[in-house]
file protein-v6.cif (mmCIF, all heavy atoms)
data_input
#
loop_
_atom_site.label_atom_id
_atom_site.label_comp_id
_atom_site.auth_asym_id
_atom_site.auth_seq_id
_atom_site.Cartn_x
_atom_site.Cartn_y
_atom_site.Cartn_z
N MET E 1038 0.85 -1.17 0.00
CA MET E 1038 0.00 0.00 0.00
C MET E 1038 0.89 1.23 0.00
O MET E 1038 1.92 1.28 0.66
CB MET E 1038 -0.92 -0.04 1.20
CG MET E 1038 -1.84 -1.26 1.18
SD MET E 1038 -3.15 -1.25 2.41
CE MET E 1038 -4.06 0.20 1.99
N ARG E 1039 0.51 2.21 -0.73
CA ARG E 1039 1.30 3.43 -0.90
C ARG E 1039 0.98 4.47 0.17
O ARG E 1039 -0.17 4.73 0.48
CB ARG E 1039 1.03 4.04 -2.27
CG ARG E 1039 1.30 3.11 -3.41
CD ARG E 1039 2.75 3.00 -3.62
NE ARG E 1039 3.02 2.13 -4.75
CZ ARG E 1039 4.20 2.01 -5.27
NH1 ARG E 1039 5.21 2.68 -4.79
NH2 ARG E 1039 4.41 1.20 -6.27
N HIS E 1040 2.03 5.08 0.68
CA HIS E 1040 1.86 6.10 1.72
C HIS E 1040 1.20 7.37 1.18
O HIS E 1040 0.61 8.12 1.95
CB HIS E 1040 3.20 6.44 2.37
CG HIS E 1040 3.76 5.29 3.14
ND1 HIS E 1040 3.24 4.92 4.36
CD2 HIS E 1040 4.74 4.41 2.86
CE1 HIS E 1040 3.90 3.87 4.80
NE2 HIS E 1040 4.80 3.53 3.90
N VAL E 1041 1.27 7.58 -0.12
CA VAL E 1041 0.65 8.76 -0.70
C VAL E 1041 -0.85 8.77 -0.42
O VAL E 1041 -1.46 9.83 -0.30
CB VAL E 1041 0.95 8.86 -2.22
CG1 VAL E 1041 0.24 7.77 -3.00
CG2 VAL E 1041 0.58 10.22 -2.77
N PHE E 1042 -1.44 7.60 -0.26
CA PHE E 1042 -2.87 7.52 0.02
C PHE E 1042 -3.17 7.78 1.50
O PHE E 1042 -4.29 8.09 1.86
CB PHE E 1042 -3.43 6.16 -0.39
CG PHE E 1042 -3.28 5.89 -1.86
CD1 PHE E 1042 -2.47 4.86 -2.29
CD2 PHE E 1042 -3.93 6.66 -2.79
CE1 PHE E 1042 -2.31 4.60 -3.65
CE2 PHE E 1042 -3.79 6.42 -4.15
CZ PHE E 1042 -2.97 5.38 -4.58
N ALA E 1043 -2.16 7.66 2.36
CA ALA E 1043 -2.34 7.88 3.79
C ALA E 1043 -2.10 9.34 4.19
O ALA E 1043 -2.56 9.77 5.24
CB ALA E 1043 -1.38 6.99 4.58
N ASP E 1044 -1.38 10.07 3.38
CA ASP E 1044 -1.02 11.45 3.69
C ASP E 1044 -2.21 12.38 3.47
O ASP E 1044 -2.64 12.56 2.33
CB ASP E 1044 0.16 11.87 2.81
CG ASP E 1044 0.63 13.28 3.08
OD1 ASP E 1044 0.04 13.99 3.93
OD2 ASP E 1044 1.60 13.69 2.42
N PRO E 1045 -2.75 12.99 4.52
CA PRO E 1045 -3.92 13.85 4.35
C PRO E 1045 -3.66 15.06 3.45
O PRO E 1045 -4.59 15.61 2.87
CB PRO E 1045 -4.26 14.32 5.76
CG PRO E 1045 -3.35 13.61 6.69
CD PRO E 1045 -2.33 12.87 5.90
N ALA E 1046 -2.40 15.45 3.30
CA ALA E 1046 -2.07 16.59 2.45
C ALA E 1046 -1.97 16.19 0.98
O ALA E 1046 -1.90 17.06 0.11
CB ALA E 1046 -0.75 17.21 2.91
N SER E 1047 -1.97 14.93 0.69
CA SER E 1047 -1.84 14.44 -0.68
C SER E 1047 -3.16 14.60 -1.43
O SER E 1047 -4.23 14.36 -0.88
CB SER E 1047 -1.45 12.96 -0.67
OG SER E 1047 -1.58 12.41 -1.96
N PRO E 1048 -3.09 14.97 -2.70
CA PRO E 1048 -4.33 15.03 -3.49
C PRO E 1048 -4.93 13.63 -3.70
O PRO E 1048 -6.08 13.51 -4.10
CB PRO E 1048 -3.89 15.66 -4.81
CG PRO E 1048 -2.41 15.47 -4.87
CD PRO E 1048 -1.92 15.38 -3.46
N TRP E 1049 -4.16 12.59 -3.43
CA TRP E 1049 -4.64 11.21 -3.58
C TRP E 1049 -5.05 10.60 -2.24
O TRP E 1049 -5.27 9.39 -2.15
CB TRP E 1049 -3.57 10.35 -4.21
CG TRP E 1049 -3.27 10.67 -5.64
CD1 TRP E 1049 -3.73 11.72 -6.36
CD2 TRP E 1049 -2.44 9.92 -6.52
NE1 TRP E 1049 -3.22 11.68 -7.62
CE2 TRP E 1049 -2.43 10.57 -7.75
CE3 TRP E 1049 -1.71 8.75 -6.36
CZ2 TRP E 1049 -1.72 10.10 -8.82
CZ3 TRP E 1049 -0.99 8.29 -7.44
CH2 TRP E 1049 -1.00 8.95 -8.65
N ALA E 1050 -5.15 11.40 -1.21
CA ALA E 1050 -5.47 10.89 0.12
C ALA E 1050 -6.78 10.11 0.13
O ALA E 1050 -7.77 10.53 -0.48
CB ALA E 1050 -5.56 12.05 1.11
N ALA E 1051 -6.77 8.98 0.80
CA ALA E 1051 -7.97 8.16 0.97
C ALA E 1051 -8.45 8.34 2.40
O ALA E 1051 -7.72 8.02 3.34
CB ALA E 1051 -7.65 6.70 0.69
N PRO E 1052 -9.65 8.85 2.60
CA PRO E 1052 -10.12 9.16 3.95
C PRO E 1052 -10.14 7.96 4.90
O PRO E 1052 -9.97 8.12 6.08
CB PRO E 1052 -11.53 9.70 3.75
CG PRO E 1052 -11.76 9.80 2.30
CD PRO E 1052 -10.62 9.17 1.58
N ARG E 1053 -10.33 6.77 4.40
CA ARG E 1053 -10.41 5.58 5.27
C ARG E 1053 -9.20 4.66 5.05
O ARG E 1053 -9.29 3.45 5.23
CB ARG E 1053 -11.72 4.86 5.00
CG ARG E 1053 -12.91 5.75 5.39
CD ARG E 1053 -14.23 5.16 5.03
NE ARG E 1053 -14.43 3.90 5.73
CZ ARG E 1053 -15.41 3.07 5.46
NH1 ARG E 1053 -16.27 3.33 4.51
NH2 ARG E 1053 -15.53 1.94 6.13
N TYR E 1054 -8.07 5.24 4.72
CA TYR E 1054 -6.85 4.46 4.46
C TYR E 1054 -6.49 3.57 5.64
O TYR E 1054 -6.16 2.41 5.46
CB TYR E 1054 -5.69 5.40 4.15
CG TYR E 1054 -4.38 4.67 3.95
CD1 TYR E 1054 -4.01 4.23 2.69
CD2 TYR E 1054 -3.52 4.43 5.00
CE1 TYR E 1054 -2.82 3.54 2.50
CE2 TYR E 1054 -2.34 3.74 4.82
CZ TYR E 1054 -1.99 3.32 3.56
OH TYR E 1054 -0.83 2.64 3.38
N THR E 1055 -6.56 4.10 6.85
CA THR E 1055 -6.18 3.33 8.05
C THR E 1055 -7.04 2.08 8.18
O THR E 1055 -6.53 1.00 8.49
CB THR E 1055 -6.29 4.20 9.31
OG1 THR E 1055 -5.48 5.37 9.12
CG2 THR E 1055 -5.82 3.47 10.53
N GLU E 1056 -8.31 2.21 7.93
CA GLU E 1056 -9.20 1.04 7.98
C GLU E 1056 -8.82 0.01 6.92
O GLU E 1056 -8.77 -1.20 7.19
CB GLU E 1056 -10.65 1.45 7.76
CG GLU E 1056 -11.26 2.21 8.91
CD GLU E 1056 -12.67 2.62 8.57
OE1 GLU E 1056 -13.49 1.75 8.23
OE2 GLU E 1056 -12.95 3.83 8.64
N ALA E 1057 -8.55 0.48 5.71
CA ALA E 1057 -8.17 -0.43 4.63
C ALA E 1057 -6.85 -1.12 4.94
O ALA E 1057 -6.70 -2.32 4.73
CB ALA E 1057 -8.08 0.33 3.32
N ALA E 1058 -5.88 -0.36 5.45
CA ALA E 1058 -4.58 -0.94 5.78
C ALA E 1058 -4.71 -2.01 6.86
O ALA E 1058 -4.04 -3.04 6.80
CB ALA E 1058 -3.61 0.16 6.23
N GLY E 1059 -5.59 -1.79 7.81
CA GLY E 1059 -5.82 -2.78 8.86
C GLY E 1059 -6.37 -4.08 8.29
O GLY E 1059 -5.96 -5.17 8.68
N GLY E 1060 -7.27 -3.97 7.33
CA GLY E 1060 -7.81 -5.15 6.68
C GLY E 1060 -6.75 -5.91 5.90
O GLY E 1060 -6.70 -7.14 5.93
N VAL E 1061 -5.89 -5.18 5.23
CA VAL E 1061 -4.80 -5.81 4.48
C VAL E 1061 -3.88 -6.55 5.44
O VAL E 1061 -3.50 -7.70 5.19
CB VAL E 1061 -4.02 -4.76 3.65
CG1 VAL E 1061 -2.75 -5.35 3.08
CG2 VAL E 1061 -4.90 -4.19 2.55
N ARG E 1062 -3.54 -5.91 6.54
CA ARG E 1062 -2.64 -6.56 7.52
C ARG E 1062 -3.26 -7.83 8.11
O ARG E 1062 -2.57 -8.82 8.32
CB ARG E 1062 -2.30 -5.58 8.65
CG ARG E 1062 -1.31 -4.55 8.24
CD ARG E 1062 -0.84 -3.73 9.43
NE ARG E 1062 -0.18 -2.55 8.97
CZ ARG E 1062 -0.74 -1.35 8.86
NH1 ARG E 1062 -1.99 -1.16 9.22
NH2 ARG E 1062 -0.05 -0.32 8.41
N ARG E 1063 -4.55 -7.81 8.36
CA ARG E 1063 -5.21 -9.00 8.90
C ARG E 1063 -5.22 -10.15 7.91
O ARG E 1063 -5.19 -11.31 8.29
CB ARG E 1063 -6.65 -8.67 9.32
CG ARG E 1063 -6.74 -7.90 10.62
CD ARG E 1063 -8.17 -7.80 11.12
NE ARG E 1063 -9.08 -7.15 10.17
CZ ARG E 1063 -9.23 -5.83 10.04
NH1 ARG E 1063 -8.52 -5.01 10.79
NH2 ARG E 1063 -10.10 -5.34 9.18
N ARG E 1064 -5.25 -9.84 6.63
CA ARG E 1064 -5.31 -10.89 5.61
C ARG E 1064 -3.94 -11.36 5.14
O ARG E 1064 -3.84 -12.39 4.47
CB ARG E 1064 -6.12 -10.39 4.41
CG ARG E 1064 -7.60 -10.33 4.76
CD ARG E 1064 -8.37 -9.52 3.75
NE ARG E 1064 -9.78 -9.45 4.08
CZ ARG E 1064 -10.31 -8.61 4.95
NH1 ARG E 1064 -9.56 -7.79 5.63
NH2 ARG E 1064 -11.61 -8.60 5.18
N LEU E 1065 -2.90 -10.64 5.47
CA LEU E 1065 -1.56 -11.02 5.02
C LEU E 1065 -1.19 -12.46 5.34
O LEU E 1065 -0.65 -13.16 4.47
CB LEU E 1065 -0.50 -10.08 5.62
CG LEU E 1065 -0.28 -8.77 4.88
CD1 LEU E 1065 0.70 -7.91 5.65
CD2 LEU E 1065 0.18 -9.00 3.48
N PRO E 1066 -1.44 -12.97 6.54
CA PRO E 1066 -1.04 -14.34 6.83
C PRO E 1066 -1.66 -15.37 5.87
O PRO E 1066 -1.03 -16.36 5.52
CB PRO E 1066 -1.52 -14.59 8.26
CG PRO E 1066 -1.59 -13.23 8.87
CD PRO E 1066 -1.99 -12.31 7.74
N ALA E 1067 -2.86 -15.13 5.41
CA ALA E 1067 -3.53 -16.07 4.52
C ALA E 1067 -2.95 -16.06 3.11
O ALA E 1067 -3.03 -17.05 2.39
CB ALA E 1067 -5.02 -15.77 4.47
N PHE E 1068 -2.37 -14.92 2.70
CA PHE E 1068 -1.90 -14.78 1.33
C PHE E 1068 -0.41 -14.46 1.23
O PHE E 1068 0.08 -14.17 0.14
CB PHE E 1068 -2.70 -13.68 0.62
CG PHE E 1068 -4.16 -13.97 0.56
CD1 PHE E 1068 -5.04 -13.44 1.49
CD2 PHE E 1068 -4.66 -14.81 -0.42
CE1 PHE E 1068 -6.39 -13.71 1.43
CE2 PHE E 1068 -6.02 -15.11 -0.48
CZ PHE E 1068 -6.89 -14.55 0.45
N ALA E 1069 0.31 -14.50 2.32
CA ALA E 1069 1.71 -14.06 2.35
C ALA E 1069 2.57 -14.76 1.31
O ALA E 1069 3.48 -14.13 0.75
CB ALA E 1069 2.29 -14.27 3.74
N TYR E 1070 2.32 -16.01 1.02
CA TYR E 1070 3.15 -16.71 0.06
C TYR E 1070 2.95 -16.21 -1.37
O TYR E 1070 3.76 -16.50 -2.25
CB TYR E 1070 2.89 -18.22 0.13
CG TYR E 1070 1.51 -18.63 -0.35
CD1 TYR E 1070 1.33 -19.07 -1.67
CD2 TYR E 1070 0.42 -18.57 0.49
CE1 TYR E 1070 0.07 -19.43 -2.11
CE2 TYR E 1070 -0.84 -18.93 0.05
CZ TYR E 1070 -1.02 -19.36 -1.25
OH TYR E 1070 -2.25 -19.71 -1.69
N ARG E 1071 1.89 -15.43 -1.62
CA ARG E 1071 1.62 -14.92 -2.97
C ARG E 1071 1.81 -13.40 -3.07
O ARG E 1071 1.50 -12.82 -4.11
CB ARG E 1071 0.20 -15.25 -3.38
CG ARG E 1071 -0.02 -16.73 -3.53
CD ARG E 1071 -1.34 -17.01 -4.18
NE ARG E 1071 -2.42 -16.74 -3.25
CZ ARG E 1071 -3.71 -16.84 -3.56
NH1 ARG E 1071 -4.06 -17.17 -4.77
NH2 ARG E 1071 -4.64 -16.59 -2.66
N ILE E 1072 2.32 -12.76 -2.04
CA ILE E 1072 2.43 -11.29 -2.04
C ILE E 1072 3.89 -10.89 -2.23
O ILE E 1072 4.78 -11.44 -1.60
CB ILE E 1072 1.89 -10.71 -0.72
CG1 ILE E 1072 0.40 -11.00 -0.61
CG2 ILE E 1072 2.17 -9.21 -0.65
CD1 ILE E 1072 -0.19 -10.62 0.72
N THR E 1073 4.10 -9.91 -3.09
CA THR E 1073 5.42 -9.35 -3.31
C THR E 1073 5.33 -7.86 -3.03
O THR E 1073 4.50 -7.16 -3.60
CB THR E 1073 5.88 -9.56 -4.77
OG1 THR E 1073 5.88 -10.94 -5.04
CG2 THR E 1073 7.25 -8.97 -4.99
N PHE E 1074 6.19 -7.38 -2.14
CA PHE E 1074 6.24 -5.96 -1.86
C PHE E 1074 7.38 -5.35 -2.64
O PHE E 1074 8.46 -5.92 -2.73
CB PHE E 1074 6.46 -5.72 -0.35
CG PHE E 1074 5.23 -5.97 0.46
CD1 PHE E 1074 5.05 -7.18 1.10
CD2 PHE E 1074 4.25 -5.00 0.59
CE1 PHE E 1074 3.92 -7.43 1.85
CE2 PHE E 1074 3.11 -5.23 1.32
CZ PHE E 1074 2.94 -6.46 1.95
N THR E 1075 7.11 -4.21 -3.24
CA THR E 1075 8.14 -3.50 -4.01
C THR E 1075 8.27 -2.08 -3.48
O THR E 1075 7.38 -1.58 -2.79
CB THR E 1075 7.77 -3.44 -5.50
OG1 THR E 1075 6.53 -2.74 -5.65
CG2 THR E 1075 7.65 -4.84 -6.09
N ARG E 1076 9.36 -1.48 -3.78
CA ARG E 1076 9.58 -0.07 -3.42
C ARG E 1076 9.75 0.72 -4.70
O ARG E 1076 10.34 0.23 -5.66
CB ARG E 1076 10.82 0.08 -2.57
CG ARG E 1076 10.73 -0.64 -1.25
CD ARG E 1076 11.99 -0.44 -0.50
NE ARG E 1076 11.67 0.58 0.51
CZ ARG E 1076 12.55 1.11 1.31
NH1 ARG E 1076 13.81 0.77 1.21
NH2 ARG E 1076 12.21 1.99 2.21
N SER E 1077 9.25 1.93 -4.68
CA SER E 1077 9.45 2.78 -5.87
C SER E 1077 9.86 4.15 -5.45
O SER E 1077 9.86 4.50 -4.30
CB SER E 1077 8.19 2.84 -6.70
OG SER E 1077 7.11 3.36 -5.96
#
call {"tool": "encode", "arguments": {"input": "protein-v6.cif", "output": "structure tokens"}}
result
Amino acid sequence: MRHVFADPASPWAAPRYTEAAGGVRRRLPAFAYRITFTRS
């Protein structure tokens, strides 16, 4: 997940980013073997 969506000053800010990130974190154990994190 990109931090640009978490930054309230960003034009791409997502108002419920924290809730979405929490859901992603809870699901990571079930899908961890298929997830690749990249940096840009």
call {"tool": "atom_distance", "arguments": {"input": "protein-v6.cif", "atom1": "atom CA of Ile1072 of chain E", "atom2": "atom CA of Gly1060 of chain E"}}
result
14.8 Å
call {"tool": "residues_around", "arguments": {"input": "protein-v6.cif", "residues": "segment 1048-1058 of chain E", "least_positions_apart": "6", "cutoff": "5 Å", "atoms": "all atoms listed in the file", "output": "PyMOL selection string"}}
result
chain E and resi 1038-1042
call {"tool": "select_by_dssp", "arguments": {"input": "protein-v6.cif", "residues": "chain E", "states": "alpha helix (DSSP H)", "output": "MDAnalysis selection string"}}
result
chainID E and resid 1054:1068
call {"tool": "axis_aligned_box", "arguments": {"input": "protein-v6.cif", "around": "segment 1053-1062 of chain E", "padding_each_side": "5 Å", "output": "JSON"}}
result
{"center_x": -8.2, "center_y": -1.0, "center_z": 6.5, "size_x": 26.2, "size_y": 25.6, "size_z": 18.0}
call {"tool": "atom_distance", "arguments": {"input": "protein-v6.cif", "atom1": "atom C of Val1061 of chain E", "atom2": "atom CD2 of Phe1074 of chain E"}}
result
9.6 Å
